>>> print(open('coords-v1.cif').read())   # mmCIF, C-alpha atoms and all ligand atoms
data_query
loop_
_atom_site.label_atom_id
_atom_site.label_comp_id
_atom_site.auth_asym_id
_atom_site.auth_seq_id
_atom_site.Cartn_x
_atom_site.Cartn_y
_atom_site.Cartn_z
CA MET A 82 86.63 -38.17 -184.76
CA VAL A 83 84.97 -37.57 -181.38
CA LYS A 84 81.35 -36.56 -181.70
CA LEU A 85 78.74 -35.79 -179.10
CA ALA A 86 76.52 -38.80 -178.33
CA ILE A 87 73.45 -36.72 -179.17
CA ASN A 88 74.87 -36.53 -182.71
CA GLY A 89 75.64 -40.25 -182.95
CA GLY A 90 79.01 -40.33 -181.14
CA GLU A 91 80.08 -42.82 -178.48
CA PRO A 92 78.55 -41.92 -175.07
CA VAL A 93 81.48 -41.06 -172.80
CA ALA A 94 79.62 -42.09 -169.63
CA LYS A 95 78.03 -45.25 -171.00
CA ASP A 96 79.41 -47.33 -168.10
CA LEU A 97 77.74 -45.09 -165.55
CA VAL A 98 74.54 -47.12 -165.62
CA ASN A 99 76.51 -50.16 -164.40
CA LEU A 100 78.29 -48.21 -161.66
CA VAL A 101 75.26 -46.43 -160.18
CA PRO A 102 73.23 -48.70 -157.92
CA ARG A 103 69.72 -49.40 -159.06
CA TRP A 104 67.30 -47.61 -156.76
CA PRO A 105 65.66 -48.65 -154.46
CA VAL A 106 68.58 -50.55 -152.98
CA PHE A 107 67.77 -53.52 -150.74
CA ASP A 108 69.41 -56.70 -149.49
CA GLU A 109 68.43 -60.05 -148.01
CA ASP A 110 68.05 -58.54 -144.51
CA ASP A 111 65.30 -56.33 -145.88
CA VAL A 112 63.58 -59.25 -147.59
CA ARG A 113 63.75 -61.26 -144.35
CA ALA A 114 62.33 -58.35 -142.36
CA VAL A 115 59.32 -58.06 -144.67
CA VAL A 116 58.71 -61.82 -144.68
CA GLU A 117 58.92 -61.87 -140.90
CA ALA A 118 56.36 -59.08 -140.65
CA ILE A 119 54.04 -60.94 -143.00
CA ARG A 120 54.46 -64.21 -141.11
CA GLY A 121 53.90 -62.40 -137.80
CA GLY A 122 50.30 -61.90 -138.83
CA ARG A 123 49.98 -58.38 -137.36
CA TRP A 124 49.79 -56.13 -140.40
CA CYS A 125 48.24 -53.11 -138.70
CA ARG A 126 50.07 -51.22 -135.93
CA LEU A 127 47.29 -51.40 -133.36
CA TYR A 128 49.12 -53.59 -130.86
CA GLN A 129 51.86 -53.07 -128.27
CA GLY A 130 55.44 -53.22 -129.55
CA SER A 131 54.47 -52.85 -133.22
CA TYR A 132 57.03 -52.39 -136.00
CA ALA A 133 55.63 -48.87 -136.49
CA GLU A 134 56.29 -48.05 -132.83
CA ARG A 135 59.83 -49.39 -133.03
CA PHE A 136 60.50 -47.54 -136.26
CA GLU A 137 59.20 -44.30 -134.76
CA THR A 138 61.57 -44.65 -131.81
CA GLU A 139 64.57 -45.54 -133.96
CA PHE A 140 64.02 -42.90 -136.63
CA ALA A 141 63.36 -40.18 -134.05
CA LYS A 142 66.57 -41.16 -132.23
CA TYR A 143 68.58 -41.05 -135.45
CA HIS A 144 67.15 -37.63 -136.26
CA ASP A 145 67.79 -36.14 -132.80
CA ALA A 146 64.08 -35.93 -132.04
CA LYS A 147 62.11 -37.03 -129.00
CA TYR A 148 59.06 -38.39 -130.83
CA GLY A 149 58.05 -39.76 -134.22
CA ILE A 150 54.59 -40.56 -135.58
CA ALA A 151 54.76 -42.79 -138.67
CA VAL A 152 52.22 -42.17 -141.43
CA ALA A 153 51.21 -43.31 -144.91
CA ASN A 154 53.24 -40.79 -146.94
CA GLY A 155 55.07 -37.47 -146.86
CA THR A 156 52.06 -35.49 -148.04
CA VAL A 157 49.76 -36.53 -145.22
CA SER A 158 52.65 -36.11 -142.78
CA LEU A 159 52.66 -32.40 -143.69
CA GLU A 160 48.89 -32.31 -143.27
CA LEU A 161 49.23 -34.02 -139.91
CA ALA A 162 51.87 -31.53 -138.74
CA LEU A 163 49.67 -28.61 -139.82
CA LYS A 164 46.56 -30.05 -138.14
CA THR A 165 48.51 -30.77 -134.99
CA ILE A 166 49.43 -27.12 -134.55
CA GLY A 167 45.87 -26.08 -135.32
CA VAL A 168 46.30 -24.65 -138.81
CA GLY A 169 42.97 -24.34 -140.58
CA LEU A 170 40.87 -23.97 -137.44
CA ASN A 171 40.40 -20.28 -138.18
CA LEU A 172 39.10 -18.96 -141.46
CA GLY A 173 41.88 -17.24 -143.40
CA ASP A 174 44.81 -18.97 -141.66
CA GLU A 175 47.98 -18.51 -143.72
CA VAL A 176 51.11 -20.63 -143.99
CA ILE A 177 54.29 -19.33 -145.63
CA VAL A 178 55.88 -21.86 -147.98
CA PRO A 179 58.75 -21.66 -150.48
CA ALA A 180 57.74 -20.89 -154.06
CA TYR A 181 60.04 -23.61 -155.34
CA THR A 182 59.33 -27.12 -154.02
CA PHE A 183 57.23 -30.21 -154.65
CA ILE A 184 53.56 -29.24 -154.68
CA ALA A 185 52.73 -31.18 -151.48
CA THR A 186 54.40 -28.46 -149.39
CA ALA A 187 51.69 -26.07 -150.59
CA SER A 188 48.79 -28.45 -151.26
CA ALA A 189 48.99 -29.78 -147.69
CA VAL A 190 48.13 -26.23 -146.60
CA THR A 191 45.00 -26.02 -148.72
CA GLU A 192 44.05 -29.57 -147.73
CA VAL A 193 43.76 -28.47 -144.11
CA GLY A 194 41.70 -25.42 -145.09
CA ALA A 195 44.40 -22.75 -144.98
CA ILE A 196 46.08 -20.47 -147.53
CA PRO A 197 49.62 -21.00 -148.82
CA ILE A 198 51.63 -17.80 -149.17
CA PHE A 199 54.70 -18.11 -151.38
CA ALA A 200 58.02 -16.79 -150.16
CA ASP A 201 60.94 -16.39 -152.49
CA VAL A 202 63.90 -18.79 -152.45
CA ASP A 203 67.64 -18.32 -152.41
CA PRO A 204 68.70 -18.78 -156.06
CA GLN A 205 71.94 -20.42 -154.91
CA THR A 206 70.27 -23.21 -152.90
CA GLY A 207 66.55 -23.34 -153.71
CA ASN A 208 65.81 -22.88 -150.00
CA ILE A 209 63.25 -20.46 -148.58
CA ASP A 210 64.68 -16.97 -148.16
CA PRO A 211 64.21 -15.79 -144.55
CA ARG A 212 64.10 -12.12 -145.63
CA SER A 213 61.18 -12.87 -147.92
CA VAL A 214 59.46 -14.84 -145.13
CA GLU A 215 59.69 -11.98 -142.69
CA LYS A 216 58.05 -9.56 -145.13
CA LEU A 217 55.05 -11.87 -145.54
CA ILE A 218 54.24 -12.42 -141.87
CA ASN A 219 51.01 -10.82 -140.66
CA GLU A 220 48.31 -11.50 -138.04
CA ARG A 221 46.87 -14.38 -140.12
CA THR A 222 50.19 -16.24 -140.38
CA ARG A 223 50.14 -19.46 -138.37
CA ALA A 224 53.25 -21.24 -139.58
CA ILE A 225 56.27 -21.27 -141.87
CA ILE A 226 57.20 -24.42 -143.76
CA ALA A 227 60.87 -24.65 -144.69
CA VAL A 228 61.91 -27.30 -147.21
CA HIS A 229 65.49 -28.55 -146.98
CA PHE A 230 65.76 -28.57 -150.75
CA GLY A 231 67.60 -31.56 -152.18
CA GLY A 232 68.79 -32.29 -148.62
CA TYR A 233 70.55 -28.93 -148.14
CA PRO A 234 69.29 -27.53 -144.81
CA ALA A 235 67.41 -24.24 -144.93
CA ASP A 236 68.79 -21.42 -142.77
CA MET A 237 67.44 -22.73 -139.47
CA ASP A 238 69.11 -19.95 -137.42
CA GLU A 239 67.24 -17.17 -139.17
CA LEU A 240 63.99 -19.08 -139.57
CA THR A 241 63.90 -20.05 -135.88
CA ARG A 242 64.56 -16.45 -134.90
CA ILE A 243 61.78 -15.16 -137.18
CA ALA A 244 59.28 -17.80 -136.04
CA LYS A 245 59.99 -17.04 -132.35
CA ARG A 246 59.89 -13.28 -132.83
CA HIS A 247 56.47 -13.43 -134.50
CA GLY A 248 55.01 -16.28 -132.44
CA VAL A 249 54.38 -18.60 -135.40
CA TYR A 250 55.19 -22.29 -135.74
CA LEU A 251 58.12 -23.53 -137.80
CA ILE A 252 57.62 -26.79 -139.70
CA GLU A 253 60.43 -28.52 -141.54
CA ASP A 254 59.52 -30.33 -144.72
CA ALA A 255 62.45 -32.73 -144.61
CA ALA A 256 61.18 -35.03 -147.38
CA HIS A 257 64.57 -34.57 -149.10
CA ALA A 258 66.77 -34.47 -146.03
CA HIS A 259 67.19 -37.85 -144.34
CA GLY A 260 70.44 -37.60 -142.41
CA SER A 261 71.05 -33.88 -143.07
CA GLU A 262 72.54 -31.87 -140.22
CA TRP A 263 72.51 -28.20 -139.34
CA ARG A 264 75.35 -27.26 -136.95
CA GLY A 265 75.81 -30.90 -135.97
CA ARG A 266 72.14 -31.51 -135.26
CA LYS A 267 69.91 -33.55 -137.53
CA VAL A 268 67.09 -31.63 -139.19
CA GLY A 269 63.43 -32.47 -138.60
CA ALA A 270 62.96 -31.43 -134.98
CA ILE A 271 64.89 -28.16 -134.96
CA GLY A 272 61.59 -26.46 -135.71
CA ASP A 273 58.35 -27.32 -133.90
CA MET A 274 57.58 -30.26 -136.17
CA GLY A 275 59.26 -32.00 -139.07
CA SER A 276 57.92 -34.14 -141.89
CA PHE A 277 59.66 -36.85 -143.93
CA SER A 278 58.69 -38.91 -146.96
CA PHE A 279 59.61 -42.55 -147.56
CA GLN A 280 58.32 -42.65 -151.12
CA GLU A 281 60.26 -44.91 -153.51
CA SER A 282 62.72 -42.29 -154.76
CA LYS A 283 63.69 -41.07 -151.27
CA SER A 284 66.89 -41.93 -149.36
CA LEU A 285 64.95 -44.15 -146.96
CA THR A 286 61.98 -45.87 -148.52
CA ALA A 287 59.29 -48.50 -148.26
CA GLY A 288 57.66 -47.50 -151.56
CA GLU A 289 55.41 -45.12 -149.64
CA GLY A 290 55.49 -43.81 -146.09
CA GLY A 291 56.17 -40.77 -143.97
CA ILE A 292 56.83 -39.60 -140.44
CA VAL A 293 56.30 -36.52 -138.31
CA LEU A 294 58.94 -35.62 -135.73
CA THR A 295 58.73 -33.32 -132.74
CA ASN A 296 60.36 -32.68 -129.38
CA SER A 297 57.13 -31.49 -127.80
CA ASP A 298 55.22 -33.94 -125.56
CA GLU A 299 52.00 -32.07 -126.21
CA LEU A 300 52.35 -31.93 -130.01
CA ALA A 301 53.36 -35.61 -130.13
CA ASP A 302 50.27 -36.65 -128.18
CA ARG A 303 48.01 -34.56 -130.37
CA ALA A 304 49.61 -35.84 -133.59
CA ARG A 305 49.22 -39.45 -132.42
CA LEU A 306 45.55 -38.89 -131.70
CA ILE A 307 44.88 -37.19 -135.04
CA HIS A 308 46.77 -39.87 -136.97
CA ASN A 309 44.63 -42.64 -135.44
CA ILE A 310 41.19 -41.21 -136.27
CA GLY A 311 40.92 -39.62 -132.84
CA ARG A 312 41.64 -42.79 -130.86
CA VAL A 313 44.38 -43.24 -128.26
CA ILE A 314 46.74 -46.04 -129.29
CA GLY A 315 46.71 -48.71 -126.60
CA GLN A 316 43.23 -47.83 -125.33
CA PRO A 317 40.77 -50.55 -126.19
CA GLY A 318 37.47 -50.02 -127.94
CA TYR A 319 36.03 -47.27 -130.03
CA ILE A 320 36.39 -44.07 -128.07
CA HIS A 321 37.23 -41.21 -130.43
CA TYR A 322 38.24 -37.96 -128.77
CA ILE A 323 38.33 -35.85 -131.90
CA LEU A 324 37.09 -36.09 -135.47
CA SER A 325 39.97 -36.97 -137.71
CA SER A 326 41.28 -39.33 -140.35
CA ASN A 327 43.45 -42.44 -140.57
CA TYR A 328 47.08 -41.65 -141.40
CA ARG A 329 48.63 -44.90 -140.15
CA LEU A 330 51.57 -46.71 -141.75
CA SER A 331 51.24 -50.45 -142.40
CA GLU A 332 53.34 -52.92 -140.40
CA ILE A 333 54.88 -54.40 -143.54
CA GLN A 334 56.22 -51.01 -144.60
CA ALA A 335 57.34 -50.25 -141.04
CA ALA A 336 59.31 -53.53 -140.94
CA LEU A 337 61.03 -52.63 -144.20
CA LEU A 338 61.82 -49.12 -143.00
CA LEU A 339 63.22 -50.42 -139.74
CA SER A 340 65.50 -52.75 -141.66
CA ARG A 341 66.57 -50.11 -144.22
CA LEU A 342 67.20 -47.57 -141.45
CA ARG A 343 70.15 -49.68 -140.24
CA LYS A 344 71.94 -48.93 -143.53
CA LEU A 345 71.00 -45.26 -143.74
CA PRO A 346 73.78 -43.75 -141.57
CA SER A 347 76.55 -45.34 -143.62
CA GLU A 348 74.82 -44.42 -146.90
CA VAL A 349 74.48 -40.82 -145.74
CA LYS A 350 78.20 -40.72 -144.93
CA VAL A 351 79.17 -42.01 -148.37
CA LYS A 352 76.83 -39.58 -150.13
CA HIS A 353 78.06 -36.65 -148.05
CA GLU A 354 81.70 -37.39 -148.94
CA ASN A 355 80.98 -38.08 -152.61
CA GLY A 356 78.83 -34.97 -152.77
CA LYS A 357 81.78 -32.87 -151.60
CA LEU A 358 84.03 -34.49 -154.16
CA LEU A 359 81.58 -34.04 -157.00
CA ALA A 360 80.97 -30.40 -156.04
CA ASP A 361 84.71 -29.70 -156.32
CA MET A 362 84.97 -31.59 -159.59
CA ILE A 363 82.05 -29.95 -161.37
CA LYS A 364 83.11 -26.49 -160.24
CA ARG A 365 86.21 -26.89 -162.37
CA THR A 366 84.16 -27.44 -165.53
CA GLY A 367 82.86 -23.85 -165.36
CA VAL A 368 79.63 -24.94 -167.07
CA VAL A 369 77.81 -25.84 -163.87
CA GLU A 370 78.36 -24.80 -160.28
CA PRO A 371 77.36 -26.54 -157.05
CA THR A 372 75.06 -24.98 -154.47
CA ARG A 373 76.75 -22.40 -152.24
CA PRO A 374 78.70 -24.04 -149.42
CA ASP A 375 77.74 -23.19 -145.84
CA ASP A 376 79.83 -24.23 -142.81
CA ARG A 377 76.68 -24.57 -140.74
CA VAL A 378 75.61 -27.47 -142.98
CA THR A 379 77.61 -30.19 -141.23
CA THR A 380 76.11 -33.17 -143.07
CA ARG A 381 74.25 -33.27 -146.33
CA GLY A 382 71.84 -36.14 -146.68
CA TYR A 383 71.02 -35.94 -150.36
CA TYR A 384 67.84 -36.34 -152.33
CA TYR A 385 69.08 -34.29 -155.26
CA PHE A 386 72.60 -33.23 -156.06
CA VAL A 387 71.73 -29.74 -157.28
CA MET A 388 73.86 -27.97 -159.88
CA LEU A 389 73.35 -24.49 -161.30
CA TYR A 390 73.75 -24.14 -165.04
CA ARG A 391 75.88 -21.33 -166.48
CA GLN A 392 74.34 -20.88 -169.89
CA GLU A 393 76.76 -18.08 -170.78
CA GLU A 394 79.67 -20.55 -170.44
CA LEU A 395 78.18 -22.81 -173.13
CA ASN A 396 77.65 -20.28 -175.91
CA GLY A 397 74.11 -19.55 -174.69
CA ILE A 398 72.94 -23.13 -175.29
CA PRO A 399 69.56 -23.52 -173.47
CA LYS A 400 69.52 -25.74 -170.38
CA GLU A 401 67.06 -28.16 -172.01
CA VAL A 402 69.50 -28.85 -174.85
CA PHE A 403 72.36 -29.31 -172.37
CA ILE A 404 70.22 -31.83 -170.45
CA GLU A 405 69.45 -33.82 -173.61
CA ALA A 406 73.12 -33.81 -174.60
CA LEU A 407 74.24 -34.92 -171.11
CA ARG A 408 71.61 -37.65 -171.03
CA ALA A 409 72.78 -38.91 -174.40
CA GLU A 410 76.28 -39.22 -172.90
CA GLY A 411 74.79 -41.49 -170.20
CA VAL A 412 74.22 -39.12 -167.26
CA PRO A 413 70.83 -39.33 -165.45
CA VAL A 414 70.46 -35.55 -165.22
CA GLY A 415 67.24 -33.57 -165.16
CA VAL A 416 65.39 -30.81 -163.38
CA SER A 417 63.51 -31.33 -160.14
CA TYR A 418 60.06 -29.74 -160.44
CA GLY A 419 60.20 -27.31 -163.36
CA PRO A 420 58.52 -23.93 -162.81
CA PRO A 421 57.90 -22.21 -159.45
CA LEU A 422 54.69 -23.50 -157.88
CA TYR A 423 52.67 -20.34 -158.60
CA ARG A 424 52.98 -21.21 -162.32
CA GLN A 425 51.42 -24.66 -161.85
CA PRO A 426 47.98 -25.05 -163.46
CA ALA A 427 46.67 -25.98 -159.98
CA PHE A 428 47.21 -22.36 -158.85
CA LYS A 429 45.19 -20.83 -161.67
CA ARG A 430 42.01 -19.25 -160.35
CA GLU A 431 39.75 -21.49 -162.42
CA ASN A 432 41.40 -24.64 -161.08
CA LEU A 433 41.54 -23.41 -157.50
CA ALA A 434 37.78 -22.95 -157.78
CA LYS A 435 37.55 -26.72 -158.29
CA SER A 436 39.68 -27.64 -155.28
CA VAL A 437 39.17 -25.11 -152.47
CA PRO A 438 35.92 -23.89 -150.92
CA ARG A 439 34.68 -20.51 -152.13
CA TYR A 440 35.07 -18.83 -148.73
CA ILE A 441 38.80 -19.67 -148.81
CA LEU A 442 39.27 -18.86 -152.49
CA GLU A 443 37.92 -15.37 -151.81
CA ARG A 444 40.76 -14.78 -149.36
CA MET A 445 43.54 -16.18 -151.53
CA PRO A 446 46.05 -13.97 -153.32
CA ASN A 447 46.16 -13.99 -157.09
CA TYR A 448 48.95 -16.53 -157.52
CA GLU A 449 49.08 -16.01 -161.28
CA GLU A 450 50.48 -12.50 -160.77
CA LEU A 451 53.49 -13.70 -158.80
CA ASN A 452 56.97 -13.42 -160.21
CA LEU A 453 59.60 -14.02 -157.53
CA PRO A 454 63.14 -13.35 -158.76
CA GLY A 455 64.95 -15.98 -156.66
CA ALA A 456 62.50 -18.75 -157.59
CA GLU A 457 62.56 -17.76 -161.26
CA GLU A 458 66.35 -17.77 -161.34
CA PHE A 459 66.61 -21.09 -159.52
CA ALA A 460 64.04 -22.66 -161.86
CA ARG A 461 65.95 -21.33 -164.86
CA ARG A 462 69.33 -22.62 -163.69
CA GLU A 463 68.88 -25.75 -161.58
CA LEU A 464 69.89 -29.19 -162.76
CA VAL A 465 69.73 -32.26 -160.56
CA LEU A 466 71.36 -35.66 -160.29
CA PRO A 467 69.68 -38.38 -158.20
CA HIS A 468 71.09 -39.08 -154.72
CA TYR A 469 71.90 -42.73 -155.44
CA LEU A 470 74.50 -41.63 -157.99
CA LEU A 471 76.51 -40.53 -154.93
CA LEU A 472 76.56 -44.14 -153.72
CA ALA A 473 78.60 -45.13 -156.77
CA PRO A 474 82.41 -45.35 -156.76
CA ARG A 475 84.53 -42.31 -157.57
CA GLU A 476 84.91 -43.53 -161.14
CA ALA A 477 81.23 -42.75 -161.66
CA LEU A 478 81.68 -39.15 -160.53
CA GLU A 479 84.57 -38.83 -162.96
CA LEU A 480 82.35 -40.02 -165.80
CA VAL A 481 79.77 -37.33 -164.98
CA VAL A 482 82.50 -34.71 -165.15
CA ALA A 483 83.96 -36.21 -168.33
CA ALA A 484 80.53 -35.93 -169.97
CA ILE A 485 80.21 -32.27 -168.99
CA GLU A 486 83.75 -31.55 -170.23
CA LYS A 487 83.03 -33.30 -173.51
CA ILE A 488 79.91 -31.22 -174.10
CA LYS A 489 81.82 -28.06 -173.24
CA GLU A 490 84.53 -28.91 -175.74
CA HIS A 491 82.03 -29.69 -178.51
CA ALA A 492 79.47 -27.00 -177.69
CA ASP A 493 79.48 -25.81 -181.32
CA GLU A 494 77.87 -29.14 -182.28
CA LEU A 495 74.86 -28.20 -180.17
CA GLN A 496 74.12 -24.90 -181.89
CA PRO A 497 72.20 -26.46 -184.84
CA LEU A 498 70.09 -28.45 -182.37
CA VAL A 499 68.81 -25.41 -180.50
CA SER A 500 65.90 -24.70 -182.81
CA LYS A 501 65.35 -28.32 -183.91
CA LEU A 502 65.55 -30.43 -180.80
CA LYS A 503 62.21 -31.55 -179.45
CA VAL A 504 62.65 -31.65 -175.68
CA SER A 505 60.18 -34.05 -174.17
CA ASP A 506 60.45 -34.02 -170.38
CA THR A 507 63.37 -32.56 -168.50
CA THR A 508 62.30 -33.73 -165.03
CA ILE A 509 64.77 -36.15 -163.54
CA ASP A 510 64.99 -39.43 -165.39
CA VAL A 511 63.37 -42.08 -163.21
CA THR A 512 63.69 -44.72 -165.93
CA TYR A 513 67.51 -44.65 -165.84
CA HIS A 514 67.90 -48.34 -164.96
CA ARG A 515 64.78 -49.52 -166.69
CA MET A 516 65.30 -48.64 -170.33
C1 LIG A 601 59.52 -31.51 -150.59
C2 LIG A 601 58.53 -32.62 -150.55
N1 LIG A 601 57.53 -32.56 -149.67
C3 LIG A 601 56.59 -33.53 -149.58
C4 LIG A 601 56.63 -34.62 -150.41
C5 LIG A 601 55.52 -35.60 -150.36
O1 LIG A 601 55.91 -36.88 -150.06
P1 LIG A 601 55.10 -38.14 -150.59
O2 LIG A 601 55.44 -38.35 -152.01
O3 LIG A 601 55.59 -39.25 -149.69
O4 LIG A 601 53.66 -37.89 -150.37
C6 LIG A 601 57.66 -34.74 -151.34
C7 LIG A 601 57.72 -35.90 -152.25
O5 LIG A 601 58.45 -35.95 -153.19
C8 LIG A 601 58.63 -33.71 -151.42
O6 LIG A 601 59.61 -33.76 -152.33
#
>>> encode(input="coords-v1.cif", output="structure tokens")
Amino acid sequence: MVKLAINGGEPVAKDLVNLVPRWPVFDEDDVRAVVEAIRGGRWCRLYQGSYAERFETEFAKYHDAKYGIAVANGTVSLELALKTIGVGLNLGDEVIVPAYTFIATASAVTEVGAIPIFADVDPQTGNIDPRSVEKLINERTRAIIAVHFGGYPADMDELTRIAKRHGVYLIEDAAHAHGSEWRGRKVGAIGDMGSFSFQESKSLTAGEGGIVLTNSDELADRARLIHNIGRVIGQPGYIHYILSSNYRLSEIQAALLLSRLRKLPSEVKVKHENGKLLADMIKRTGVVEPTRPDDRVTTRGYYYFVMLYRQEELNGIPKEVFIEALRAEGVPVGVSYGPPLYRQPAFKRENLAKSVPRYILERMPNYEELNLPGAEEFARRELVLPHYLLLAPREALELVVAAIEKIKEHADELQPLVSKLKVSDTTIDVTYHRM
């Protein structure tokens, strides 16, 4: 008799782990590139024709941007973008950010001495809702940060219009969106500045790393200066034009990124096609639905494949139990970040008092009172699969669907688990290939 794997049955997707490539993916070209950089003996970018310089040029070109400034990670790249446009120079500066994202989108704002203001998100995509943004703009607003959640571009038409109308900067947090396109144009430099992460789990990675993109000559020059502790790259000696920090990326990471970048376009293509297939396939299960399609999204470079859970279609079984059951069947499913950011302990007054200066804290809203319907709904319903699953053959996608179908068919077996099951951590399973 067929039983759910969570109740001791045979996992229907047990072969999935052998079909999904182990992330991070690399090949001998990448190994050679790193060895070459090491042997070259220049491990810091402060020389002409550095790996970092070449990577900046190549990545900017791939992302339809004029300039790139490579940095140590995708958190400081946001800080660099904010500093470049002058956020934090005036007391009380505000930056509108989505309520549902990785915390760096908001913590970068406080790190540069400004105040994050949470906008609601579209419950169908997890992306910042332009209508909510517009309501929050006031004379203290300096910028809007849009996250392309999971790689699905935010509504750049509306956001650009709002930013222009109110004279505020638009920053794209594209940490999830390598290769994503909005109306045929790559994201990252559609707004004034864009920020990417090359942390280990991302679609392009060197373990850590980040980049800022822009089309503005002036912003690029300023970002370069800030990222190099106020020094002009190429100018000899120790002349520092502004007080700043060191955001630079190491040459060894830049060499790896340059090598991995050659594979990115073809990987993006495969993931885009497989993403479309999987979206169609999971829709038919009725238990989960894909994010809302949008013709203006011409390419989806994935970080997460986001699905929305339909609890009512599974006899009211809570999402956490569904996740455990699907994992037991062999699917690396999880949630992305859990609750909306305003519910994070870091946004409690007592904890803010430990991380932001008093004169800023006094001007901050009471985050604990927030309850944004779109963010709450998205948090309640979202489920994610990792992007590298979309690099697997079609057979793998079919196993994911088979696992969902199996759970749907045997949903009554889950009922007794609802009160008993101890759910440990529902965030996406990073140990998938390491157990
Ligand atoms: C939306 C978003 N922004 C920023 C970051 C920060 O990037 P990093 O981990 O490279 O600092 C991440 C990382 O996961 C992210 O998901």
>>> residues_near_ligand(input="coords-v1.cif", ligand="ligand LIG 601 (chain A)", cutoff="10 Å", atoms="only C-alpha atoms and all ligand atoms", output="ChimeraX atom specification")
/A:152-159,179,181-189,227-232,253-258,276-283,286,288-292,384-385,417-418
>>> closest_residue(input="coords-v1.cif", among="A:Glu239, A:Glu134, A:Asp375, A:Glu192", to="Pro211 in chain A", atoms="all atoms listed in the file")
A:Glu239
>>> closest_residue(input="coords-v1.cif", among="A:Gly367, A:Gly89, A:Pro317, A:Pro446", to="Gly173 in chain A", atoms="only C-alpha atoms")
A:Pro446
>>> atom_distance(input="coords-v1.cif", atom1="CA of Gly318 in chain A", atom2="CA of Ala151 in chain A")
21.6 Å
>>> closest_residue(input="coords-v1.cif", among="A:Thr508, A:Leu470, A:Pro371, A:Lys400", to="Pro204 in chain A", atoms="only C-alpha atoms")
A:Pro371
>>> residues_around(input="coords-v1.cif", residues="Val268 in chain A", least_positions_apart="2", cutoff="10 Å", atoms="all atoms listed in the file", output="number ranges by chain")
A: 144-146, 229, 232-235, 237, 253-255, 258-266, 270-272, 275-276, 294, 380, 382
>>> write_last_selection(input="coords-v1.cif", atoms="C-alpha atoms", output="mmCIF file, keeping the file's coordinate frame")
data_model
loop_
_atom_site.group_PDB
_atom_site.id
_atom_site.type_symbol
_atom_site.label_atom_id
_atom_site.label_comp_id
_atom_site.auth_asym_id
_atom_site.auth_seq_id
_atom_site.Cartn_x
_atom_site.Cartn_y
_atom_site.Cartn_z
ATOM 1 C CA HIS A 144 67.150 -37.630 -136.260
ATOM 2 C CA ASP A 145 67.790 -36.140 -132.800
ATOM 3 C CA ALA A 146 64.080 -35.930 -132.040
ATOM 4 C CA HIS A 229 65.490 -28.550 -146.980
ATOM 5 C CA GLY A 232 68.790 -32.290 -148.620
ATOM 6 C CA TYR A 233 70.550 -28.930 -148.140
ATOM 7 C CA PRO A 234 69.290 -27.530 -144.810
ATOM 8 C CA ALA A 235 67.410 -24.240 -144.930
ATOM 9 C CA MET A 237 67.440 -22.730 -139.470
ATOM 10 C CA GLU A 253 60.430 -28.520 -141.540
ATOM 11 C CA ASP A 254 59.520 -30.330 -144.720
ATOM 12 C CA ALA A 255 62.450 -32.730 -144.610
ATOM 13 C CA ALA A 258 66.770 -34.470 -146.030
ATOM 14 C CA HIS A 259 67.190 -37.850 -144.340
ATOM 15 C CA GLY A 260 70.440 -37.600 -142.410
ATOM 16 C CA SER A 261 71.050 -33.880 -143.070
ATOM 17 C CA GLU A 262 72.540 -31.870 -140.220
ATOM 18 C CA TRP A 263 72.510 -28.200 -139.340
ATOM 19 C CA ARG A 264 75.350 -27.260 -136.950
ATOM 20 C CA GLY A 265 75.810 -30.900 -135.970
ATOM 21 C CA ARG A 266 72.140 -31.510 -135.260
ATOM 22 C CA ALA A 270 62.960 -31.430 -134.980
ATOM 23 C CA ILE A 271 64.890 -28.160 -134.960
ATOM 24 C CA GLY A 272 61.590 -26.460 -135.710
ATOM 25 C CA GLY A 275 59.260 -32.000 -139.070
ATOM 26 C CA SER A 276 57.920 -34.140 -141.890
ATOM 27 C CA LEU A 294 58.940 -35.620 -135.730
ATOM 28 C CA THR A 380 76.110 -33.170 -143.070
ATOM 29 C CA GLY A 382 71.840 -36.140 -146.680
#
>>> atom_distance(input="coords-v1.cif", atom1="CA of Asp238 in chain A", atom2="CA of Arg212 in chain A")
12.4 Å
>>> residues_near_point(input="coords-v1.cif", point="(73.3, -41.9, -165.8)", cutoff="6 Å", atoms="only C-alpha atoms", output="MDAnalysis selection string")
chainID A and resid 97:98 411:413
>>> axis_aligned_box(input="coords-v1.cif", around="range 102-108 of chain A", padding_each_side="8 Å", output="JSON")
{"center_x": 69.4, "center_y": -52.2, "center_z": -154.3, "size_x": 23.6, "size_y": 25.1, "size_z": 25.6}
